[in-house]
>>> print(open('data.cif').read())   # mmCIF, C-alpha atoms
data_upload
#
loop_
_atom_site.group_PDB
_atom_site.id
_atom_site.type_symbol
_atom_site.label_atom_id
_atom_site.label_comp_id
_atom_site.auth_asym_id
_atom_site.auth_seq_id
_atom_site.Cartn_x
_atom_site.Cartn_y
_atom_site.Cartn_z
ATOM 1 C CA GLN P 30 -4.981 14.737 -11.507
ATOM 2 C CA VAL P 31 -3.305 11.451 -10.745
ATOM 3 C CA GLN P 32 -4.757 8.085 -11.606
ATOM 4 C CA LEU P 33 -3.861 4.985 -9.599
ATOM 5 C CA VAL P 34 -4.297 1.414 -10.787
ATOM 6 C CA GLU P 35 -3.964 -1.305 -8.179
ATOM 7 C CA SER P 36 -3.551 -5.023 -8.666
ATOM 8 C CA GLY P 37 -2.569 -8.144 -6.782
ATOM 9 C CA GLY P 38 -5.187 -8.729 -4.113
ATOM 10 C CA GLY P 39 -6.882 -12.049 -3.551
ATOM 11 C CA LEU P 40 -7.512 -14.959 -1.235
ATOM 12 C CA VAL P 41 -4.645 -16.741 0.482
ATOM 13 C CA GLN P 42 -4.218 -19.109 3.397
ATOM 14 C CA ALA P 43 -2.555 -17.995 6.597
ATOM 15 C CA GLY P 44 1.201 -18.073 6.228
ATOM 16 C CA GLY P 45 0.990 -17.364 2.520
ATOM 17 C CA SER P 46 2.151 -14.417 0.466
ATOM 18 C CA LEU P 47 0.697 -11.816 -1.863
ATOM 19 C CA ARG P 48 2.187 -8.928 -3.787
ATOM 20 C CA LEU P 49 0.277 -5.720 -4.413
ATOM 21 C CA SER P 50 1.153 -3.221 -7.116
ATOM 22 C CA CYS P 51 -0.008 0.335 -7.710
ATOM 23 C CA ALA P 52 0.884 2.362 -10.791
ATOM 24 C CA ALA P 53 0.457 6.121 -10.872
ATOM 25 C CA SER P 54 -0.092 8.178 -14.007
ATOM 26 C CA GLY P 55 -1.078 11.719 -14.859
ATOM 27 C CA SER P 56 0.267 14.846 -13.141
ATOM 28 C CA ILE P 57 3.128 13.202 -11.278
ATOM 29 C CA PHE P 58 4.865 15.183 -8.509
ATOM 30 C CA SER P 59 8.640 15.180 -8.621
ATOM 31 C CA ALA P 60 8.725 14.742 -4.839
ATOM 32 C CA ASN P 61 6.050 12.370 -3.663
ATOM 33 C CA VAL P 62 5.066 9.655 -1.264
ATOM 34 C CA MET P 63 3.413 6.396 -2.249
ATOM 35 C CA GLY P 64 2.035 3.863 0.126
ATOM 36 C CA TRP P 65 -0.663 1.529 1.304
ATOM 37 C CA TYR P 66 -3.444 1.843 3.821
ATOM 38 C CA ARG P 67 -5.965 -0.816 4.743
ATOM 39 C CA GLN P 68 -9.450 -0.900 6.157
ATOM 40 C CA ALA P 69 -11.028 -3.927 7.759
ATOM 41 C CA PRO P 70 -14.803 -4.178 8.275
ATOM 42 C CA GLY P 71 -15.898 -2.006 11.175
ATOM 43 C CA LYS P 72 -12.463 -0.469 11.600
ATOM 44 C CA GLN P 73 -10.810 2.776 10.609
ATOM 45 C CA ARG P 74 -8.440 2.993 7.685
ATOM 46 C CA GLU P 75 -4.868 2.572 8.894
ATOM 47 C CA LEU P 76 -1.407 3.035 7.478
ATOM 48 C CA VAL P 77 0.359 -0.133 6.390
ATOM 49 C CA ALA P 78 3.529 1.270 4.825
ATOM 50 C CA ARG P 79 4.722 4.251 2.849
ATOM 51 C CA ILE P 80 7.815 5.157 0.882
ATOM 52 C CA SER P 81 8.979 8.531 -0.365
ATOM 53 C CA SER P 82 10.499 9.239 -3.742
ATOM 54 C CA GLY P 83 13.750 9.643 -1.824
ATOM 55 C CA GLY P 84 13.439 6.158 -0.346
ATOM 56 C CA ARG P 85 12.358 6.902 3.213
ATOM 57 C CA ILE P 86 10.138 4.080 4.515
ATOM 58 C CA ILE P 87 7.637 3.838 7.357
ATOM 59 C CA TYR P 88 5.889 0.625 8.409
ATOM 60 C CA ALA P 89 3.055 -0.018 10.812
ATOM 61 C CA ASP P 90 4.308 -2.038 13.780
ATOM 62 C CA SER P 91 1.843 -4.799 12.958
ATOM 63 C CA VAL P 92 3.485 -5.553 9.593
ATOM 64 C CA LYS P 93 7.167 -4.961 10.320
ATOM 65 C CA ASP P 94 9.343 -7.959 9.410
ATOM 66 C CA ARG P 95 6.505 -9.438 7.315
ATOM 67 C CA PHE P 96 5.741 -6.820 4.673
ATOM 68 C CA THR P 97 8.174 -5.037 2.367
ATOM 69 C CA ILE P 98 7.384 -1.880 0.451
ATOM 70 C CA SER P 99 9.392 -0.854 -2.584
ATOM 71 C CA ARG P 100 9.013 1.383 -5.585
ATOM 72 C CA ASP P 101 10.187 1.842 -9.140
ATOM 73 C CA ASN P 102 10.434 5.583 -9.695
ATOM 74 C CA ALA P 103 10.871 5.169 -13.447
ATOM 75 C CA LYS P 104 7.497 3.411 -13.590
ATOM 76 C CA ASN P 105 5.832 5.468 -10.833
ATOM 77 C CA THR P 106 4.865 2.178 -9.265
ATOM 78 C CA VAL P 107 4.838 1.036 -5.657
ATOM 79 C CA TYR P 108 4.826 -2.581 -4.511
ATOM 80 C CA LEU P 109 3.872 -4.258 -1.278
ATOM 81 C CA GLN P 110 5.249 -7.747 -0.734
ATOM 82 C CA MET P 111 3.227 -9.375 2.016
ATOM 83 C CA ASN P 112 4.632 -12.534 3.607
ATOM 84 C CA SER P 113 3.522 -14.633 6.569
ATOM 85 C CA LEU P 114 -0.002 -13.324 6.151
ATOM 86 C CA LYS P 115 -2.388 -13.605 9.083
ATOM 87 C CA PRO P 116 -6.200 -13.586 9.177
ATOM 88 C CA GLU P 117 -6.023 -10.176 10.845
ATOM 89 C CA ASP P 118 -4.407 -8.823 7.685
ATOM 90 C CA THR P 119 -7.750 -9.279 5.925
ATOM 91 C CA ALA P 120 -8.883 -5.885 4.652
ATOM 92 C CA VAL P 121 -9.340 -3.712 1.614
ATOM 93 C CA TYR P 122 -5.935 -2.306 0.760
ATOM 94 C CA TYR P 123 -5.792 1.189 -0.715
ATOM 95 C CA CYS P 124 -2.904 2.744 -2.557
ATOM 96 C CA ILE P 125 -2.162 6.386 -1.834
ATOM 97 C CA TYR P 126 -0.118 8.851 -3.820
ATOM 98 C CA SER P 127 0.614 12.276 -2.401
ATOM 99 C CA SER P 128 2.912 15.218 -2.832
ATOM 100 C CA SER P 129 5.705 15.304 -0.274
ATOM 101 C CA SER P 130 4.101 18.384 1.254
ATOM 102 C CA GLY P 131 0.848 16.498 1.705
ATOM 103 C CA GLU P 132 -1.124 19.233 -0.022
ATOM 104 C CA ALA P 133 -2.509 16.829 -2.597
ATOM 105 C CA ALA P 134 -3.351 13.164 -2.178
ATOM 106 C CA TYR P 135 -4.994 10.568 -4.370
ATOM 107 C CA TRP P 136 -6.422 7.168 -3.498
ATOM 108 C CA GLY P 137 -6.729 3.984 -5.495
ATOM 109 C CA GLN P 138 -9.996 2.103 -5.760
ATOM 110 C CA GLY P 139 -8.915 -0.532 -3.254
ATOM 111 C CA THR P 140 -8.114 -4.204 -3.593
ATOM 112 C CA GLN P 141 -9.427 -6.946 -1.327
ATOM 113 C CA VAL P 142 -6.988 -9.132 0.576
ATOM 114 C CA THR P 143 -8.514 -12.071 2.393
ATOM 115 C CA VAL P 144 -6.449 -14.401 4.570
ATOM 116 C CA SER P 145 -8.144 -17.615 5.630
ATOM 117 C CA SER P 146 -7.198 -19.475 8.802
#
>>> encode(input="data.cif", output="structure tokens")
Amino acid sequence: QVQLVESGGGLVQAGGSLRLSCAASGSIFSANVMGWYRQAPGKQRELVARISSGGRIIYADSVKDRFTISRDNAKNTVYLQMNSLKPEDTAVYYCIYSSSSGEAAYWGQGTQVTVSS
């Protein structure tokens, strides 16, 4: 089992910034992927960004050039720096931790990000 603890959500005005963190503990995979998904009311959960333990990064087109994902492998922690936030970024953000093979995946409890116009 892997436990994920998220932090950093909140309320911010449009154009502002927030930083999310997610720390993994427990049965850590040596090769893994950590990332963030989000789900807005009435919408499906969507990928925001993900980063492998080897450093490969994927961003959703909607957040490229505004969000930056990074990780500290020694701390098993992933970060999401969100700049130039827009009201449409409002959602519950979920951390995900999975094996590189995708056979096992764990979700965080979610953290609310609200961007006011």
>>> resolve_selection(input="data.cif", expression="the PyMOL selection byres ((chain P and resi 115) around 12)", output="list of chain:residue names")
P:Leu40, P:Val41, P:Gln42, P:Ala43, P:Gly44, P:Gly45, P:Ser46, P:Leu47, P:Ser91, P:Val92, P:Arg95, P:Phe96, P:Met111, P:Asn112, P:Ser113, P:Leu114, P:Pro116, P:Glu117, P:Asp118, P:Thr119, P:Ala120, P:Val142, P:Thr143, P:Val144, P:Ser145, P:Ser146
>>> write_last_selection(input="data.cif", atoms="C-alpha atoms", output="PDB file, keeping the file's coordinate frame")
ATOM      1  CA  LEU P  40      -7.512 -14.959  -1.235  1.00  0.00           C
ATOM      2  CA  VAL P  41      -4.645 -16.741   0.482  1.00  0.00           C
ATOM      3  CA  GLN P  42      -4.218 -19.109   3.397  1.00  0.00           C
ATOM      4  CA  ALA P  43      -2.555 -17.995   6.597  1.00  0.00           C
ATOM      5  CA  GLY P  44       1.201 -18.073   6.228  1.00  0.00           C
ATOM      6  CA  GLY P  45       0.990 -17.364   2.520  1.00  0.00           C
ATOM      7  CA  SER P  46       2.151 -14.417   0.466  1.00  0.00           C
ATOM      8  CA  LEU P  47       0.697 -11.816  -1.863  1.00  0.00           C
ATOM      9  CA  SER P  91       1.843  -4.799  12.958  1.00  0.00           C
ATOM     10  CA  VAL P  92       3.485  -5.553   9.593  1.00  0.00           C
ATOM     11  CA  ARG P  95       6.505  -9.438   7.315  1.00  0.00           C
ATOM     12  CA  PHE P  96       5.741  -6.820   4.673  1.00  0.00           C
ATOM     13  CA  MET P 111       3.227  -9.375   2.016  1.00  0.00           C
ATOM     14  CA  ASN P 112       4.632 -12.534   3.607  1.00  0.00           C
ATOM     15  CA  SER P 113       3.522 -14.633   6.569  1.00  0.00           C
ATOM     16  CA  LEU P 114      -0.002 -13.324   6.151  1.00  0.00           C
ATOM     17  CA  PRO P 116      -6.200 -13.586   9.177  1.00  0.00           C
ATOM     18  CA  GLU P 117      -6.023 -10.176  10.845  1.00  0.00           C
ATOM     19  CA  ASP P 118      -4.407  -8.823   7.685  1.00  0.00           C
ATOM     20  CA  THR P 119      -7.750  -9.279   5.925  1.00  0.00           C
ATOM     21  CA  ALA P 120      -8.883  -5.885   4.652  1.00  0.00           C
ATOM     22  CA  VAL P 142      -6.988  -9.132   0.576  1.00  0.00           C
ATOM     23  CA  THR P 143      -8.514 -12.071   2.393  1.00  0.00           C
ATOM     24  CA  VAL P 144      -6.449 -14.401   4.570  1.00  0.00           C
ATOM     25  CA  SER P 145      -8.144 -17.615   5.630  1.00  0.00           C
ATOM     26  CA  SER P 146      -7.198 -19.475   8.802  1.00  0.00           C
TER      27      SER P 146
END
>>> residues_around(input="data.cif", residues="Trp136 of chain P", least_positions_apart="2", cutoff="8 Å", atoms="all atoms listed in the file", output="PyMOL selection string")
chain P and resi 33+123-126+134+138
>>> resolve_selection(input="data.cif", expression="the PyMOL selection byres ((chain P and resi 87) around 10)", output="JSON, numbers by chain")
{"P": [64, 76, 77, 78, 79, 80, 81, 84, 85, 86, 88, 89, 90, 93, 98]}
>>> write_last_selection(input="data.cif", atoms="C-alpha atoms", output="mmCIF file, keeping the file's coordinate frame")
data_model
loop_
_atom_site.group_PDB
_atom_site.id
_atom_site.type_symbol
_atom_site.label_atom_id
_atom_site.label_comp_id
_atom_site.auth_asym_id
_atom_site.auth_seq_id
_atom_site.Cartn_x
_atom_site.Cartn_y
_atom_site.Cartn_z
ATOM 1 C CA GLY P 64 2.035 3.863 0.126
ATOM 2 C CA LEU P 76 -1.407 3.035 7.478
ATOM 3 C CA VAL P 77 0.359 -0.133 6.390
ATOM 4 C CA ALA P 78 3.529 1.270 4.825
ATOM 5 C CA ARG P 79 4.722 4.251 2.849
ATOM 6 C CA ILE P 80 7.815 5.157 0.882
ATOM 7 C CA SER P 81 8.979 8.531 -0.365
ATOM 8 C CA GLY P 84 13.439 6.158 -0.346
ATOM 9 C CA ARG P 85 12.358 6.902 3.213
ATOM 10 C CA ILE P 86 10.138 4.080 4.515
ATOM 11 C CA TYR P 88 5.889 0.625 8.409
ATOM 12 C CA ALA P 89 3.055 -0.018 10.812
ATOM 13 C CA ASP P 90 4.308 -2.038 13.780
ATOM 14 C CA LYS P 93 7.167 -4.961 10.320
ATOM 15 C CA ILE P 98 7.384 -1.880 0.451
#
>>> resolve_selection(input="data.cif", expression="the PyMOL selection byres ((chain P and resi 49-59) around 7)", output="ChimeraX atom specification")
/P:30-38,47-48,60-61,105-110,124,128
>>> write_last_selection(input="data.cif", atoms="C-alpha atoms", output="tab-separated table (two decimals), keeping the file's coordinate frame")
chain	number	residue	atom	x	y	z
P	30	GLN	CA	-4.98	14.74	-11.51
P	31	VAL	CA	-3.30	11.45	-10.74
P	32	GLN	CA	-4.76	8.09	-11.61
P	33	LEU	CA	-3.86	4.99	-9.60
P	34	VAL	CA	-4.30	1.41	-10.79
P	35	GLU	CA	-3.96	-1.30	-8.18
P	36	SER	CA	-3.55	-5.02	-8.67
P	37	GLY	CA	-2.57	-8.14	-6.78
P	38	GLY	CA	-5.19	-8.73	-4.11
P	47	LEU	CA	0.70	-11.82	-1.86
P	48	ARG	CA	2.19	-8.93	-3.79
P	60	ALA	CA	8.72	14.74	-4.84
P	61	ASN	CA	6.05	12.37	-3.66
P	105	ASN	CA	5.83	5.47	-10.83
P	106	THR	CA	4.86	2.18	-9.26
P	107	VAL	CA	4.84	1.04	-5.66
P	108	TYR	CA	4.83	-2.58	-4.51
P	109	LEU	CA	3.87	-4.26	-1.28
P	110	GLN	CA	5.25	-7.75	-0.73
P	124	CYS	CA	-2.90	2.74	-2.56
P	128	SER	CA	2.91	15.22	-2.83
>>> atom_distance(input="data.cif", atom1="atom CA of Tyr135 of chain P", atom2="atom CA of Tyr66 of chain P")
12.1 Å
>>> axis_aligned_box(input="data.cif", around="segment 125-140 of chain P", padding_each_side="4 Å", output="JSON")
{"center_x": -2.1, "center_y": 7.5, "center_z": -2.0, "size_x": 23.7, "size_y": 31.4, "size_z": 15.5}
>>> atom_distance(input="data.cif", atom1="atom CA of Glu75 of chain P", atom2="atom CA of Ala133 of chain P")
18.5 Å
>>> closest_residue(input="data.cif", among="P:Gly83, P:Arg74, P:Val62, P:Gly39", to="Ser130 of chain P", atoms="only C-alpha atoms")
P:Val62
>>> atom_distance(input="data.cif", atom1="atom CA of Ser127 of chain P", atom2="atom CA of Ser82 of chain P")
10.4 Å
>>> closest_residue(input="data.cif", among="P:Thr97, P:Val121, P:Lys72, P:Lys104", to="Gly137 of chain P", atoms="all atoms listed in the file")
P:Val121
>>> decode(input="data.cif", residues="segment 79-130 of chain P", atoms="C-alpha atoms", output="PDB file, in the first residue's frame")
ATOM      1  CA  ARG P  79       2.786  13.658 -14.693  1.00  0.00           C
ATOM      2  CA  ILE P  80       6.450  12.914 -14.164  1.00  0.00           C
ATOM      3  CA  SER P  81       8.246   9.589 -14.057  1.00  0.00           C
ATOM      4  CA  SER P  82      10.971   8.622 -11.638  1.00  0.00           C
ATOM      5  CA  GLY P  83      13.285   8.946 -14.631  1.00  0.00           C
ATOM      6  CA  GLY P  84      12.181  12.529 -15.234  1.00  0.00           C
ATOM      7  CA  ARG P  85       9.902  12.160 -18.243  1.00  0.00           C
ATOM      8  CA  ILE P  86       7.151  14.807 -18.124  1.00  0.00           C
ATOM      9  CA  ILE P  87       3.755  15.106 -19.788  1.00  0.00           C
ATOM     10  CA  TYR P  88       1.505  18.165 -19.538  1.00  0.00           C
ATOM     11  CA  ALA P  89      -2.064  18.750 -20.606  1.00  0.00           C
ATOM     12  CA  ASP P  90      -2.173  21.325 -23.402  1.00  0.00           C
ATOM     13  CA  SER P  91      -4.347  23.576 -21.262  1.00  0.00           C
ATOM     14  CA  VAL P  92      -1.622  24.060 -18.629  1.00  0.00           C
ATOM     15  CA  LYS P  93       1.551  24.089 -20.720  1.00  0.00           C
ATOM     16  CA  ASP P  94       3.678  27.196 -20.115  1.00  0.00           C
ATOM     17  CA  ARG P  95       1.733  27.958 -16.911  1.00  0.00           C
ATOM     18  CA  PHE P  96       2.215  24.910 -14.698  1.00  0.00           C
ATOM     19  CA  THR P  97       5.462  23.168 -13.783  1.00  0.00           C
ATOM     20  CA  ILE P  98       5.688  19.691 -12.325  1.00  0.00           C
ATOM     21  CA  SER P  99       8.760  18.528 -10.452  1.00  0.00           C
ATOM     22  CA  ARG P 100       9.705  15.855  -7.979  1.00  0.00           C
ATOM     23  CA  ASP P 101      12.159  15.060  -5.227  1.00  0.00           C
ATOM     24  CA  ASN P 102      12.875  11.348  -5.493  1.00  0.00           C
ATOM     25  CA  ALA P 103      14.657  11.278  -2.138  1.00  0.00           C
ATOM     26  CA  LYS P 104      11.462  12.517  -0.478  1.00  0.00           C
ATOM     27  CA  ASN P 105       9.043  10.666  -2.785  1.00  0.00           C
ATOM     28  CA  THR P 106       7.315  13.982  -3.271  1.00  0.00           C
ATOM     29  CA  VAL P 107       5.848  15.612  -6.356  1.00  0.00           C
ATOM     30  CA  TYR P 108       5.137  19.319  -6.739  1.00  0.00           C
ATOM     31  CA  LEU P 109       2.916  21.293  -9.050  1.00  0.00           C
ATOM     32  CA  GLN P 110       3.723  24.980  -9.401  1.00  0.00           C
ATOM     33  CA  MET P 111       0.700  26.691 -10.897  1.00  0.00           C
ATOM     34  CA  ASN P 112       1.164  30.207 -12.278  1.00  0.00           C
ATOM     35  CA  SER P 113      -1.130  32.534 -14.209  1.00  0.00           C
ATOM     36  CA  LEU P 114      -4.130  30.707 -12.806  1.00  0.00           C
ATOM     37  CA  LYS P 115      -7.457  31.074 -14.586  1.00  0.00           C
ATOM     38  CA  PRO P 116     -11.013  30.545 -13.312  1.00  0.00           C
ATOM     39  CA  GLU P 117     -11.221  27.465 -15.528  1.00  0.00           C
ATOM     40  CA  ASP P 118      -8.440  25.909 -13.460  1.00  0.00           C
ATOM     41  CA  THR P 119     -10.901  25.647 -10.570  1.00  0.00           C
ATOM     42  CA  ALA P 120     -11.216  21.983  -9.621  1.00  0.00           C
ATOM     43  CA  VAL P 121     -10.334  19.357  -7.074  1.00  0.00           C
ATOM     44  CA  TYR P 122      -6.763  18.325  -7.767  1.00  0.00           C
ATOM     45  CA  TYR P 123      -5.816  14.708  -7.109  1.00  0.00           C
ATOM     46  CA  CYS P 124      -2.340  13.317  -6.739  1.00  0.00           C
ATOM     47  CA  ILE P 125      -1.653   9.952  -8.335  1.00  0.00           C
ATOM     48  CA  TYR P 126       1.165   7.533  -7.699  1.00  0.00           C
ATOM     49  CA  SER P 127       1.564   4.479  -9.888  1.00  0.00           C
ATOM     50  CA  SER P 128       4.068   1.849 -10.854  1.00  0.00           C
ATOM     51  CA  SER P 129       5.693   2.514 -14.212  1.00  0.00           C
ATOM     52  CA  SER P 130       3.868  -0.508 -15.602  1.00  0.00           C
TER      53      SER P 130
END
